[in-house]
Every structure is written in C-alpha cells, then in structure tokens.
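J.: My structure file coords34.cif, mmCIF, C-alpha atoms, is below:
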```
data_query
loop_
_atom_site.label_atom_id
_atom_site.label_comp_id
_atom_site.auth_asym_id
_atom_site.auth_seq_id
_atom_site.Cartn_x
_atom_site.Cartn_y
_atom_site.Cartn_z
CA MET A 820 -20.57 11.47 62.22
CA LYS A 821 -18.53 8.37 62.99
CA PRO A 822 -16.39 6.57 60.40
CA ALA A 823 -17.52 3.24 58.96
CA ALA A 824 -15.38 0.25 59.97
CA PHE A 825 -11.93 -0.25 58.44
CA ASP A 826 -8.71 -2.15 59.11
CA TYR A 827 -5.92 0.12 60.34
CA VAL A 828 -2.42 -0.61 59.06
CA ARG A 829 0.50 1.03 60.83
CA ALA A 830 3.34 0.84 58.33
CA ASP A 831 6.96 0.64 59.46
CA HIS A 832 8.48 0.44 55.95
CA LEU A 833 7.62 2.01 52.62
CA ASP A 834 7.53 -1.44 50.98
CA GLU A 835 4.63 -2.39 53.23
CA VAL A 836 2.66 0.66 52.13
CA LEU A 837 3.23 -0.12 48.45
CA ASP A 838 2.43 -3.80 49.00
CA VAL A 839 -0.93 -3.10 50.67
CA LEU A 840 -1.80 -0.45 48.07
CA GLY A 841 -0.86 -2.90 45.30
CA ARG A 842 -3.08 -5.63 46.69
CA GLU A 843 -6.04 -3.55 47.86
CA GLY A 844 -5.92 -0.59 45.45
CA GLY A 845 -8.96 1.67 45.71
CA ASP A 846 -10.24 -0.09 48.84
CA ALA A 847 -7.25 1.27 50.76
CA ARG A 848 -6.53 4.90 51.59
CA ILE A 849 -3.37 6.51 52.91
CA ILE A 850 -3.76 8.49 56.11
CA ALA A 851 -1.06 11.01 56.99
CA GLY A 852 -2.10 14.07 59.01
CA GLY A 853 -5.78 13.23 58.52
CA GLN A 854 -6.99 16.83 58.31
CA SER A 855 -8.71 16.27 54.96
CA LEU A 856 -9.39 12.54 55.09
CA MET A 857 -10.79 12.34 58.63
CA PRO A 858 -13.71 14.71 57.93
CA MET A 859 -14.47 12.60 54.82
CA LEU A 860 -14.44 9.44 56.96
CA ASN A 861 -16.52 11.02 59.73
CA MET A 862 -19.14 12.15 57.22
CA ARG A 863 -18.87 8.80 55.43
CA LEU A 864 -18.08 10.48 52.14
CA ALA A 865 -15.17 8.03 52.09
CA LYS A 866 -15.55 4.43 53.28
CA PRO A 867 -12.23 2.66 52.69
CA LYS A 868 -11.79 -0.94 53.84
CA THR A 869 -8.22 -0.24 54.93
CA LEU A 870 -6.39 2.83 56.21
CA ILE A 871 -2.61 2.86 55.88
CA ASP A 872 -0.91 5.19 58.34
CA ILE A 873 2.42 6.46 56.93
CA MET A 874 3.35 8.88 59.71
CA ARG A 875 5.84 6.52 61.37
CA LEU A 876 8.02 6.42 58.24
CA GLY A 877 10.87 8.84 58.96
CA GLU A 878 12.09 8.67 55.35
CA LEU A 879 8.94 10.48 54.18
CA ALA A 880 9.34 13.39 56.60
CA ARG A 881 12.13 15.13 54.70
CA ILE A 882 12.38 18.52 53.04
CA GLU A 883 15.19 18.48 50.46
CA ARG A 884 16.56 21.26 48.31
CA GLU A 885 18.55 20.27 45.23
CA GLY A 886 18.90 21.29 41.62
CA GLY A 887 16.61 24.31 41.89
CA ASN A 888 13.79 22.26 43.40
CA VAL A 889 12.39 21.81 46.88
CA THR A 890 11.07 18.30 47.42
CA ILE A 891 8.68 17.75 50.29
CA GLY A 892 8.02 14.20 51.47
CA ALA A 893 4.58 12.78 52.20
CA GLY A 894 5.15 12.90 55.95
CA VAL A 895 6.02 16.62 56.16
CA ARG A 896 3.41 18.50 58.11
CA GLN A 897 2.31 21.96 57.00
CA ALA A 898 3.61 23.45 60.26
CA ALA A 899 7.02 21.86 59.62
CA LEU A 900 7.23 23.48 56.19
CA LEU A 901 6.07 26.82 57.61
CA SER A 902 8.88 26.73 60.18
CA TRP A 903 11.53 25.51 57.70
CA PRO A 904 14.25 28.24 57.91
CA GLU A 905 14.79 28.33 54.12
CA LEU A 906 11.11 28.67 53.22
CA GLY A 907 10.94 32.43 52.73
CA GLU A 908 13.91 32.47 50.38
CA ALA A 909 13.33 29.15 48.55
CA LEU A 910 9.53 29.12 48.26
CA PRO A 911 8.23 32.61 49.04
CA LEU A 912 4.84 31.81 47.49
CA ALA A 913 4.37 28.90 49.90
CA ALA A 914 5.46 31.17 52.75
CA LEU A 915 2.67 33.60 51.77
CA ALA A 916 -0.01 30.93 51.28
CA LEU A 917 0.66 28.56 54.18
CA PRO A 918 -0.68 30.89 56.91
CA TRP A 919 -3.99 30.71 55.00
CA THR A 920 -3.94 26.90 54.89
CA GLY A 921 -6.31 25.86 57.67
CA HIS A 922 -5.53 27.02 61.19
CA ALA A 923 -2.52 26.59 63.49
CA GLN A 924 -4.49 23.75 65.09
CA THR A 925 -4.80 21.86 61.77
CA ARG A 926 -1.43 22.80 60.21
CA SER A 927 0.23 21.10 63.19
CA ARG A 928 -1.16 17.77 61.90
CA GLY A 929 -2.02 18.21 58.22
CA THR A 930 0.63 17.39 55.62
CA VAL A 931 1.59 19.24 52.44
CA CYS A 932 1.16 16.15 50.26
CA GLY A 933 -2.14 15.26 51.97
CA SER A 934 -3.69 18.57 50.96
CA ILE A 935 -2.51 18.03 47.38
CA ALA A 936 -3.82 14.44 47.38
CA HIS A 937 -7.22 15.66 48.58
CA ALA A 938 -7.39 18.18 45.69
CA ASP A 939 -10.01 20.46 47.15
CA PRO A 940 -10.58 23.16 44.51
CA SER A 941 -10.33 25.95 47.10
CA ALA A 942 -7.25 24.65 48.93
CA GLU A 943 -4.09 26.77 48.89
CA LEU A 944 -1.35 24.14 48.43
CA PRO A 945 -2.72 22.72 45.15
CA LEU A 946 -2.94 26.34 43.96
CA VAL A 947 0.70 26.99 44.88
CA LEU A 948 1.77 23.76 43.16
CA CYS A 949 -0.04 24.83 39.97
CA ALA A 950 1.22 28.42 40.10
CA LEU A 951 4.84 27.32 40.44
CA GLY A 952 4.50 24.45 37.97
CA GLY A 953 5.57 21.79 40.46
CA GLU A 954 5.41 18.01 40.18
CA VAL A 955 3.80 15.17 42.12
CA HIS A 956 6.04 12.13 42.73
CA LEU A 957 3.98 8.96 42.53
CA ARG A 958 5.12 5.46 43.28
CA ASN A 959 3.60 2.01 43.22
CA PHE A 960 5.20 -1.38 43.94
CA LYS A 961 6.96 -1.54 40.59
CA ARG A 962 7.61 1.96 39.29
CA ARG A 963 7.91 5.66 40.01
CA ARG A 964 6.59 8.52 37.91
CA ARG A 965 6.41 12.29 38.15
CA VAL A 966 3.30 14.12 37.07
CA PRO A 967 3.29 17.89 36.42
CA ALA A 968 0.70 19.79 38.46
CA LYS A 969 -1.31 20.67 35.34
CA ASP A 970 -1.83 16.96 34.59
CA PHE A 971 -2.30 15.87 38.19
CA PHE A 972 -5.51 17.66 39.12
CA ALA A 973 -8.47 16.20 37.26
CA GLY A 974 -11.50 17.90 38.81
CA MET A 975 -13.28 18.36 42.12
CA MET A 976 -11.28 16.23 44.58
CA ALA A 977 -10.08 14.11 41.67
CA THR A 978 -6.52 13.47 40.55
CA SER A 979 -4.64 11.30 38.08
CA ARG A 980 -3.14 9.18 40.87
CA ALA A 981 -3.81 5.49 40.21
CA ASP A 982 -5.42 3.46 43.01
CA ASP A 983 -2.18 1.59 43.75
CA GLU A 984 0.00 4.71 43.86
CA LEU A 985 1.37 6.56 46.86
CA ILE A 986 2.18 10.25 46.64
CA GLU A 987 5.75 9.92 47.85
CA ALA A 988 6.58 13.63 47.62
CA VAL A 989 5.82 16.85 45.78
CA SER A 990 8.43 19.19 44.34
CA PHE A 991 8.31 22.92 43.75
CA PRO A 992 10.70 24.98 41.58
CA ALA A 993 12.67 27.21 43.94
CA ASP A 994 13.66 29.93 41.50
CA LEU A 995 10.35 31.80 41.12
CA ASN A 996 10.81 34.49 43.70
CA ARG A 997 8.69 37.37 42.48
CA CYS A 998 5.28 36.32 43.61
CA ALA A 999 2.13 37.42 45.41
CA PHE A 1000 -0.82 35.73 47.06
CA ARG A 1001 -4.21 36.88 48.26
CA GLU A 1002 -7.32 35.13 49.50
CA VAL A 1003 -10.88 36.00 50.45
CA ALA A 1004 -12.58 33.62 52.93
CA ARG A 1005 -15.43 33.99 55.40
CA ARG A 1006 -13.07 33.36 58.31
CA HIS A 1007 -9.27 33.40 58.08
CA GLY A 1008 -8.20 29.80 57.58
CA ASP A 1009 -11.49 28.58 56.17
CA PHE A 1010 -11.77 27.38 52.59
CA ALA A 1011 -11.18 30.16 50.10
CA ILE A 1012 -14.06 31.81 48.27
CA VAL A 1013 -11.32 32.94 45.91
CA ALA A 1014 -7.55 32.55 46.28
CA CYS A 1015 -5.10 33.93 43.72
CA ALA A 1016 -1.38 33.42 43.31
CA ALA A 1017 0.77 35.35 40.83
CA VAL A 1018 4.33 34.53 39.77
CA ALA A 1019 6.58 36.65 37.54
CA THR A 1020 7.85 34.68 34.53
CA LYS A 1021 10.35 35.54 31.79
CA ASN A 1022 7.71 37.14 29.59
CA GLY A 1023 5.09 38.33 32.03
CA VAL A 1024 2.97 36.84 34.78
CA ARG A 1025 1.42 33.49 35.55
CA LEU A 1026 -1.82 33.85 37.48
CA ALA A 1027 -3.40 30.88 39.28
CA VAL A 1028 -6.93 30.98 40.66
CA GLY A 1029 -8.45 28.65 43.25
CA GLY A 1030 -11.91 28.40 44.77
CA VAL A 1031 -13.71 29.22 41.52
CA ALA A 1032 -13.63 26.24 39.14
CA ASP A 1033 -13.40 22.56 40.09
CA MET A 1034 -9.59 22.78 40.26
CA PRO A 1035 -6.93 25.51 40.19
CA VAL A 1036 -6.82 27.35 36.85
CA VAL A 1037 -3.58 28.82 35.52
CA ARG A 1038 -3.24 31.47 32.83
CA GLU A 1039 -0.12 33.19 31.47
CA PHE A 1040 -0.35 36.91 30.81
CA PRO A 1041 2.24 38.91 28.82
CA ARG A 1042 3.25 42.36 30.06
CA LEU A 1043 0.24 44.55 29.25
CA GLU A 1044 -0.79 48.16 29.63
CA ALA A 1045 -3.33 48.85 32.37
CA SER A 1046 -6.47 48.81 30.22
CA ALA A 1047 -5.31 45.82 28.17
CA LEU A 1048 -4.58 43.93 31.39
CA ASP A 1049 -8.05 44.70 32.72
CA ASP A 1050 -9.55 43.45 29.45
CA ALA A 1051 -7.48 40.26 29.58
CA LEU A 1052 -8.46 39.61 33.22
CA ASN A 1053 -12.09 40.31 32.40
CA LEU A 1054 -12.00 37.68 29.67
CA PHE A 1055 -10.16 35.23 31.94
CA ALA A 1056 -12.74 35.69 34.73
CA TYR A 1057 -15.58 35.29 32.24
CA GLU A 1058 -14.15 32.03 30.93
CA LEU A 1059 -13.74 30.50 34.39
CA ASP A 1060 -16.26 27.80 35.20
CA ALA A 1061 -17.48 29.66 38.32
CA ARG A 1062 -20.26 28.22 40.45
CA ASP A 1063 -22.75 29.54 42.98
CA ASP A 1064 -22.71 28.06 46.45
CA VAL A 1065 -23.96 29.08 49.90
CA HIS A 1066 -20.90 31.26 50.49
CA ALA A 1067 -20.75 33.28 47.29
CA SER A 1068 -22.28 33.65 43.84
CA ALA A 1069 -20.38 32.85 40.66
CA ARG A 1070 -20.59 36.54 39.73
CA TYR A 1071 -18.99 37.63 43.02
CA ARG A 1072 -16.21 35.11 42.51
CA ARG A 1073 -15.52 36.47 39.01
CA ASP A 1074 -15.45 40.00 40.40
CA LEU A 1075 -12.89 38.95 43.00
CA VAL A 1076 -10.72 37.35 40.30
CA ARG A 1077 -10.75 40.61 38.30
CA MET A 1078 -9.92 42.78 41.30
CA ILE A 1079 -7.40 40.55 43.09
CA GLY A 1080 -5.89 39.39 39.81
CA ALA A 1081 -5.19 42.97 38.69
CA ASP A 1082 -3.64 43.86 42.05
CA LEU A 1083 -1.41 40.80 42.11
CA VAL A 1084 -0.23 41.13 38.49
CA ARG A 1085 0.77 44.75 39.14
CA GLU A 1086 2.42 43.75 42.41
CA VAL A 1087 4.72 41.15 40.87
CA LEU A 1088 5.58 43.32 37.84
CA SER A 1089 6.25 46.51 39.79
CA MET B 674 3.87 -3.44 60.15
CA SER B 675 0.88 -4.03 62.33
CA ARG B 676 -2.62 -4.54 60.99
CA LEU B 677 -5.47 -3.86 63.39
CA PRO B 678 -8.59 -5.56 62.01
CA ALA B 679 -11.93 -3.76 61.86
CA GLY B 680 -14.57 -4.72 64.42
CA GLN B 681 -12.04 -5.76 67.07
CA ARG B 682 -10.82 -3.75 70.01
CA HIS B 683 -7.11 -3.12 70.24
CA ALA B 684 -4.99 -2.14 73.24
CA ILE B 685 -3.68 1.43 73.23
CA GLY B 686 -1.02 2.70 75.61
CA PHE B 687 -0.15 6.37 76.00
CA THR B 688 0.40 9.02 78.64
CA LEU B 689 -2.44 11.36 79.58
CA ASN B 690 -1.34 14.58 81.26
CA GLY B 691 1.91 12.95 82.26
CA LYS B 692 0.46 9.75 83.71
CA PRO B 693 0.47 6.33 82.05
CA CYS B 694 -2.95 5.53 80.61
CA GLY B 695 -4.47 2.85 78.44
CA GLY B 696 -7.64 1.51 76.93
CA GLU B 697 -9.08 -0.45 74.04
CA ALA B 698 -10.58 0.84 70.83
CA GLU B 699 -11.72 -0.33 67.42
CA PRO B 700 -9.75 1.24 64.56
CA ARG B 701 -12.68 3.49 63.65
CA MET B 702 -13.04 5.02 67.12
CA LEU B 703 -12.30 8.74 67.25
CA LEU B 704 -9.95 10.02 69.93
CA THR B 705 -12.71 12.30 71.25
CA ASP B 706 -14.96 9.32 71.99
CA PHE B 707 -12.06 7.28 73.32
CA LEU B 708 -11.03 9.98 75.80
CA ARG B 709 -14.58 10.64 76.94
CA HIS B 710 -16.13 7.18 76.98
CA GLN B 711 -13.23 4.75 77.46
CA VAL B 712 -10.89 6.85 79.61
CA GLY B 713 -13.58 8.97 81.26
CA ALA B 714 -11.79 12.26 80.59
CA THR B 715 -14.81 14.36 79.65
CA GLY B 716 -13.04 17.72 79.69
CA THR B 717 -12.45 17.43 75.93
CA HIS B 718 -15.67 18.48 74.23
CA VAL B 719 -17.21 17.16 71.02
CA GLY B 720 -18.62 19.80 68.70
CA CYS B 721 -18.71 19.56 64.92
CA GLU B 722 -16.72 16.34 64.44
CA HIS B 723 -15.08 17.62 61.28
CA GLY B 724 -12.33 19.84 62.61
CA VAL B 725 -14.00 23.22 62.22
CA CYS B 726 -15.21 24.29 65.68
CA GLY B 727 -12.08 23.56 67.72
CA ALA B 728 -13.89 22.40 70.90
CA CYS B 729 -11.93 19.11 70.97
CA THR B 730 -8.46 20.66 70.54
CA ILE B 731 -5.81 18.83 72.58
CA GLU B 732 -2.04 18.31 72.44
CA ILE B 733 -0.39 15.20 71.03
CA ASP B 734 3.36 15.00 71.58
CA GLY B 735 3.43 18.73 72.28
CA LYS B 736 1.57 19.73 69.09
CA LEU B 737 -2.02 20.91 68.82
CA ALA B 738 -4.49 18.47 67.33
CA ARG B 739 -8.20 18.11 66.79
CA ALA B 740 -9.16 15.00 68.75
CA CYS B 741 -12.14 14.50 66.41
CA LEU B 742 -9.75 14.24 63.44
CA THR B 743 -7.55 11.70 65.20
CA LEU B 744 -8.13 7.98 65.59
CA ALA B 745 -7.64 6.53 69.04
CA VAL B 746 -5.28 3.91 67.56
CA GLN B 747 -3.01 6.69 66.26
CA ILE B 748 -2.01 7.83 69.75
CA ASP B 749 -0.45 4.52 70.80
CA GLY B 750 2.88 5.45 72.39
CA CYS B 751 2.16 9.20 72.32
CA ALA B 752 1.98 11.85 75.05
CA VAL B 753 -1.50 13.37 75.18
CA ARG B 754 -2.43 16.52 77.08
CA THR B 755 -6.00 17.60 77.68
CA VAL B 756 -7.70 20.41 79.56
CA GLU B 757 -7.63 18.28 82.71
CA GLY B 758 -3.86 18.80 82.76
CA LEU B 759 -4.01 22.60 83.09
CA ALA B 760 -4.89 23.04 86.76
CA PRO B 761 -1.90 22.72 89.15
CA ALA B 762 -4.13 21.03 91.74
CA ALA B 763 -7.74 19.94 92.02
CA ASP B 764 -8.75 23.09 93.88
CA ARG B 765 -6.58 25.62 92.05
CA LEU B 766 -6.79 27.20 88.63
CA GLY B 767 -3.79 27.65 86.37
CA ILE B 768 -2.74 31.17 85.32
CA LEU B 769 -4.63 30.98 82.04
CA GLN B 770 -7.75 29.51 83.64
CA ALA B 771 -7.73 32.18 86.36
CA ALA B 772 -7.42 34.91 83.71
CA PHE B 773 -10.45 33.45 81.91
CA LYS B 774 -12.43 33.53 85.13
CA ARG B 775 -11.46 37.13 86.00
CA ASN B 776 -12.26 38.39 82.51
CA HIS B 777 -15.56 36.52 82.06
CA ALA B 778 -13.98 34.83 79.03
CA LEU B 779 -16.52 32.02 79.12
CA GLN B 780 -20.25 31.68 79.47
CA CYS B 781 -21.48 28.23 78.49
CA GLY B 782 -17.91 26.89 78.42
CA PHE B 783 -18.44 24.54 75.50
CA CYS B 784 -15.63 25.98 73.38
CA THR B 785 -13.42 26.81 76.38
CA ALA B 786 -11.57 23.50 76.77
CA GLY B 787 -10.24 23.70 73.22
CA ILE B 788 -9.41 27.41 73.42
CA LEU B 789 -7.49 26.89 76.66
CA MET B 790 -5.44 24.13 75.07
CA SER B 791 -4.58 26.25 72.02
CA LEU B 792 -3.60 29.23 74.17
CA ASP B 793 -1.63 27.13 76.64
CA ASN B 794 0.38 25.63 73.77
CA PHE B 795 0.87 28.99 72.06
CA LEU B 796 1.87 30.95 75.18
CA ARG B 797 4.52 28.38 76.02
CA GLU B 798 6.41 29.34 72.87
CA ASN B 799 5.27 32.96 72.49
CA SER B 800 5.67 34.66 75.80
CA ARG B 801 4.83 38.19 74.57
CA PRO B 802 2.18 37.73 71.89
CA SER B 803 0.45 40.62 70.13
CA GLU B 804 -3.33 40.90 70.10
CA GLN B 805 -3.25 40.07 66.38
CA GLU B 806 -1.34 36.83 67.03
CA ILE B 807 -3.91 35.81 69.65
CA ARG B 808 -6.74 36.63 67.25
CA ASP B 809 -5.04 34.62 64.47
CA LEU B 810 -4.78 31.64 66.80
CA LEU B 811 -8.43 31.98 67.80
CA THR B 812 -9.57 31.73 64.15
CA GLY B 813 -9.21 28.00 64.78
CA HIS B 814 -12.04 28.09 67.31
CA LEU B 815 -15.69 29.01 67.26
CA CYS B 816 -17.30 30.65 70.30
CA ARG B 817 -21.02 31.35 69.89
CA CYS B 818 -21.94 33.06 73.16
CA THR B 819 -19.12 34.91 74.93
CA GLY B 820 -17.65 36.68 71.93
CA TYR B 821 -13.93 36.90 71.46
CA THR B 822 -13.11 40.22 73.15
CA PRO B 823 -12.93 38.92 76.74
CA ILE B 824 -11.11 35.78 75.53
CA VAL B 825 -8.43 37.92 73.88
CA ARG B 826 -8.20 40.10 77.00
CA ALA B 827 -7.76 37.04 79.23
CA ALA B 828 -5.11 35.59 76.92
CA LEU B 829 -3.07 38.81 76.91
CA GLU B 830 -3.38 39.13 80.68
CA ALA B 831 -2.24 35.54 81.19
CA ALA B 832 0.66 36.08 78.77
CA ALA B 833 1.83 39.10 80.77
CA GLU B 834 1.61 37.12 83.99
CA ILE B 835 3.48 34.13 82.56
CA ALA B 836 6.18 36.47 81.21
CA GLY B 837 6.58 37.89 84.71
CA ASP B 838 5.29 41.37 83.86
CA VAL B 839 2.47 41.10 86.40
CA SER B 840 2.31 39.18 89.63
CA ARG B 841 -1.01 37.86 90.84
CA GLU B 842 0.19 35.68 93.63
CA ASN B 843 -2.57 34.69 96.06
CA SER B 844 -5.19 35.85 93.59
CA HIS B 845 -6.21 32.59 91.99
CA ALA B 846 -9.83 33.05 92.95
#
```
Give the structure from the file, written as structure tokens.
T.:
Amino acid sequence: MKPAAFDYVRADHLDEVLDVLGREGGDARIIAGGQSLMPMLNMRLAKPKTLIDIMRLGELARIEREGGNVTIGAGVRQAALLSWPELGEALPLAALALPWTGHAQTRSRGTVCGSIAHADPSAELPLVLCALGGEVHLRNFKRRRRVPAKDFFAGMMATSRADDELIEAVSFPADLNRCAFREVARRHGDFAIVACAAVATKNGVRLAVGGVADMPVVREFPRLEASALDDALNLFAYELDARDDVHASARYRRDLVRMIGADLVREVLS
Amino acid sequence: MSRLPAGQRHAIGFTLNGKPCGGEAEPRMLLTDFLRHQVGATGTHVGCEHGVCGACTIEIDGKLARACLTLAVQIDGCAVRTVEGLAPAADRLGILQAAFKRNHALQCGFCTAGILMSLDNFLRENSRPSEQEIRDLLTGHLCRCTGYTPIVRAALEAAAEIAGDVSRENSHA
C-alpha cells in the first residue's frame, strides 16, 4: 500500500505543466487534490514516472460565471464549489449532488476536475456534467479544445483526454434550474450503487444514471403519462449495461433506476 | 518549477501544531509515514491507506485532509495540525477530549485521533451543530468497536461547552 517511485514536479506556471506533459505524455500524471489518484498510487493501480502538482497555480483555482456557463478551474476544490455563494442559484444540480461526493474530509482536498478526470462510473460529478451537458476544457502545449461530456467519457475510468493534455477547466450550463438528484450508497459519501440526476428540458426530461454501466448514461424522455413513463423507464433500465458486484446485483441496480428514475422525472415535471 | 527526483530524499519544512518542524522524504513517501516515522508524531494512525477509514485525518492549512492521501512533499511550507495539538498541556485534556473520556466515546482508540481532528475542525466553525450534522461528518470515519452513539453524544456535549452553554471548569478528569 505504498506508491511506486516517481519524480515529483511542483509547477509554478501553467507552461511548465504543459511542457512536462508534452515531453513525458502518459508517463506523467497530474495531481491536484489527490483524492482519486492517491488511492490508485497507493494500490499501485497507477505507476506514473512523474507526478505534476498543479495546486500552487492560482490561475486554475477560479470559478467564473459568464455567458450562461459556470467554468470551474482545475484547482477548485469540491469544498470551494460547495461553499460558492452562487452555487444554489447557478448550478442547483451540483448543489444537490456535491454533499454526496465523498465526505467533508475528502471534499476539502478533492477537486471538481480531478473527479471528472478520474471518470469513476459511480462518481457524482461526471454524472452532473453529463446530465447538464457540460464541457471539458483540454489543453496541451500547442492547442486548446473543448469536448462535450458525452464524448469525453469513454468507459470505466477512461476518457478521451490525450496523454499530453491537461484538463484546464470544466464548464456547466447555468440555465437548467429544474432538477433533482438521488443516490443509494452503502454509507453516505461512499461510491454510489445507483445515482440519478434529472433535468427538465424544453420538451421533457433528461435523466442521467451513474453507478450502473461503465460510465454515466443519459436518456431524454418526452412528457409521458404515468404508465407510459413507467414503460419507458423499464425499457431504459433493461437496456443499461448493469453489472453485478459485491455491493449489489445488476437486477437490484435496474430496480433502483426504475424507482428513482420515476420519482425524479415526476419531481422535475411537477 | 522544482523537480524532486525519485529515490532521493528532499528537505521539507512546515509547522506542526504551531511549531516549526522539518524532515526529509522521498517523493513517494506518504504523509502518514512521514509524520510517524520521520517526525515521530505517532498520534496520527494508519488504517486503510486509501482514504476510506478516516483514522489518519489531520488538518493542513486549516482544512481537513487524509494524511494517507497526501504526499509528505506536498506539505512543504504548510501548517499541519495533528491530534497531538489538541491537549492544552501535557497533563490536561482539551474540551473535546474530556467529553470523549466522560462519554466512553472510545474503546480501542484506533479511529479516535482522526475523529477528534474532524470534530475539532467542524466545531470551530459550527458552534451549535445538530445531531444530524455531527452524524454527516462522522460518515467520513469508520469506528468498529465503540459504535457511534457515544461519539455523537460526546461531540454534542463538547459543542455545548465550547459555545458556553455548559461550564465544566475544574472537571477535566
């Protein structure tokens, strides 16, 4: 339970981060709050040759609201977002989900972007990003690009980030205010057995489900009568690539999606 | 930018419970091991080493942190507080510690160091917490022998005392 050896780079400028990533690519990993990466290092599921610490870069620790979007830099800790005065009004879904993201003792260190970079299929922040249709801002030494959430997550702890790219920030649309969130976990703050987020859209509801497949799954539902909604959710749950693990069976997970999904859809449309 | 090469020990300077402190560590050394084996501050306990059990919870720059999910090299220049900083003097317990003792809020004591640090941090900013808030905070810790009921009772009692609702002067035993 001790990490393998690595060089530790304490970056003072963003250029240095991009330079090291450009030269060392997949052998280097960014460390921010460390709440996802450190367990991987301790268990030697990750053995980078170089760790690049970005937490001394003040420019990455900003939360900015402009043009209907909230942009959260790579250095913003989860606790900082949770205590941001505008959170409840600008990103109510994040306000609902963040208390379920780890514990107070890990939110004080863990970053928003770090959780999204880690792409655990049961994590709340990737789910919120998918439910709201946010974007991931990637940058390497020569260019920047923005990837929509639906194209960013690529599977269990896998993303479309290239080895030389830094997640500079993530942005969430701030105009989706009718929303609901619910999670079932063995202990509050542990990884979700199932987590669901629902957002009212122009024509109905967007439902996002985490903890079931290898990444968050999003489905749009039109406004439906009660029985038609139950049928649609039943089909959705059936089509999910649910898996058994020590915490819950695939069947139990599908049941939770049907029950929680129905509750949340009614909640946001009521 | 500074690059600390693997396999070499690097100087780290920080404050521990308000006093200047230092040591040397390889980049891969966890803060738990650094505090215990290099500094000799064994109050911080090592449990699961992946951030789940909470036994190693400490404060870095006033914020709670799992020492097992922190590298020793990351605390260079930081202010670190550990359970050793809670007692006002070597032969006296702090308010929270005394409440734990009165309420039998510990048996083996393995989880206690981390729980005390979480509660100490929380009570500083939440002087009149509800039982639910204390229980929410304690979800970040695992206790496998005492059970949480006396821990919650001790926390609420300490909160009342810190807020000035109850005076227990001369009752630190």
J.: Report as a ChimeraX atom specification the full result of the PyMOL selection byres ((chain B) within 6 of (chain A)) when it is applied to this structure.
T.: /B:674-679,700-701,723,737-738,742,813
J.: Which of these, A:Met1078, A:Gly841, A:Lys969, A:Ala993, has the shortest distance to Leu906 in chain A once you count all atoms listed in the file?
T.: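 Closest residue, counting all atoms listed in the file: A:Ala993.
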J.: Which residue, B:Arg801, B:Arg765, B:His814, B:His777, has the smallest gap to Arg826 in chain B when you use all atoms listed in the file?
T.: B:His777
J.: Can you spell out as JSON, numbers by chain the set of residues that the PyMOL selection byres ((chain A and resi 1028) around 6) selects in the structure I just provided?
T.: {"A": [1014, 1015, 1027, 1029, 1035, 1036]}
J.: I need the residue set behind the PyMOL selection byres ((chain B and resi 834) around 12) for this file; please write it as a list in words.
T.: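 This file, filtered by the PyMOL selection byres ((chain B and resi 834) around 12), leaves Gly767, Ile768, Leu769, Ala771, Ala772, Leu796, Ser800, Arg801, Ala827, Ala828, Leu829, Glu830, Ala831, Ala832, Ala833, Ile835, Ala836, Gly837, Asp838, Val839, Ser840, Arg841, Glu842 and Ser844 of chain B.
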J.: Neighbours of Cys998 in chain A within 10 Å (all atoms listed in the file; same-chain residues fewer than 5 positions away dropped), as a list in words?
T.: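 Near neighbours after the sequence-gap exclusion: Leu910, Pro911, Leu912, Ala913, Leu915, Ala950, Leu951, Ala1016, Ala1017, Val1018, Ala1019, Thr1020, Val1024, Arg1025, Leu1026, Leu1083, Val1084, Glu1086, Val1087 and Leu1088 of chain A.
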J.: Which neighbours of range 952-956 of chain A fall inside 6 Å, counting all atoms listed in the file, when residues of the same chain fewer than 4 positions from it are skipped, and could you give them as a list in words?
T.: Leu948, Arg965, Val966, Pro967, Ala968, Ile986, Glu987, Ala988, Val989, Ser990 and Phe991 of chain A
J.: Quick one: distance from CA of Met790 in chain B to CA of Ile807 in chain B in Å, one decimal?
T.: 13.0 Å
J.: Quick one, how far is CA of Gly820 in chain B from CA of Leu704 in chain B?
T.: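 CA of Gly820 in chain B sits 27.8 Å away from CA of Leu704 in chain B.
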J.: Provide the CA of Leu689 in chain B to CA of Gly758 in chain B distance in Å, to one decimal place.
T.: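 If I compute the distance from CA of Leu689 in chain B to CA of Gly758 in chain B, I get 8.2 Å.
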J.: When you count only C-alpha atoms, which of these residues is closest to Cys784 in chain B: B:Ile748, B:Ala698, B:Ile733, B:Leu815?
T.: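 Closest candidate: B:Leu815.
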J.: Within 12 Å of Ala1051 in chain A, counting all atoms listed in the file, which residues qualify if same-chain residues fewer than 5 places away don't, as a PyMOL selection string?
T.: chain A and resi 1026+1038-1046+1056-1058+1076-1077+1080-1081+1084
J.: Give me, as a ChimeraX atom specification, all polymer residues having an atom no more than 9 Å from Leu944 in chain A, counting all atoms listed in the file and skipping those fewer than 2 positions away in the same chain.
T.: /A:913,916-917,920,931-932,934-935,938,942,946-949
J.: Which polymer residues, whether protein, DNA or RNA, lie within 8 Å of the coordinate (-6.0, 14.5, 75.1) when you count only C-alpha atoms? List them as a compact mmCIF listing (two decimals) with C-alpha atoms, in the coordinates of the input, using the chain letters and numbers from the file.
T.:
```txt
# COMPACT_ATOMS: atom_id res chain seq x y z
CA LEU B 689 -2.44 11.36 79.58
CA ASN B 690 -1.34 14.58 81.26
CA LEU B 704 -9.95 10.02 69.93
CA LEU B 708 -11.03 9.98 75.80
CA THR B 717 -12.45 17.43 75.93
CA ILE B 731 -5.81 18.83 72.58
CA GLU B 732 -2.04 18.31 72.44
CA ILE B 733 -0.39 15.20 71.03
CA ALA B 740 -9.16 15.00 68.75
CA VAL B 753 -1.50 13.37 75.18
CA ARG B 754 -2.43 16.52 77.08
CA THR B 755 -6.00 17.60 77.68
CA VAL B 756 -7.70 20.41 79.56
```
J.: Neighbours of Asp939 in chain A within 9 Å (all atoms listed in the file; same-chain residues fewer than 5 positions away dropped), as a ChimeraX atom specification?
T.: /A:855,934,945,974-977,1010,1030,1033-1034
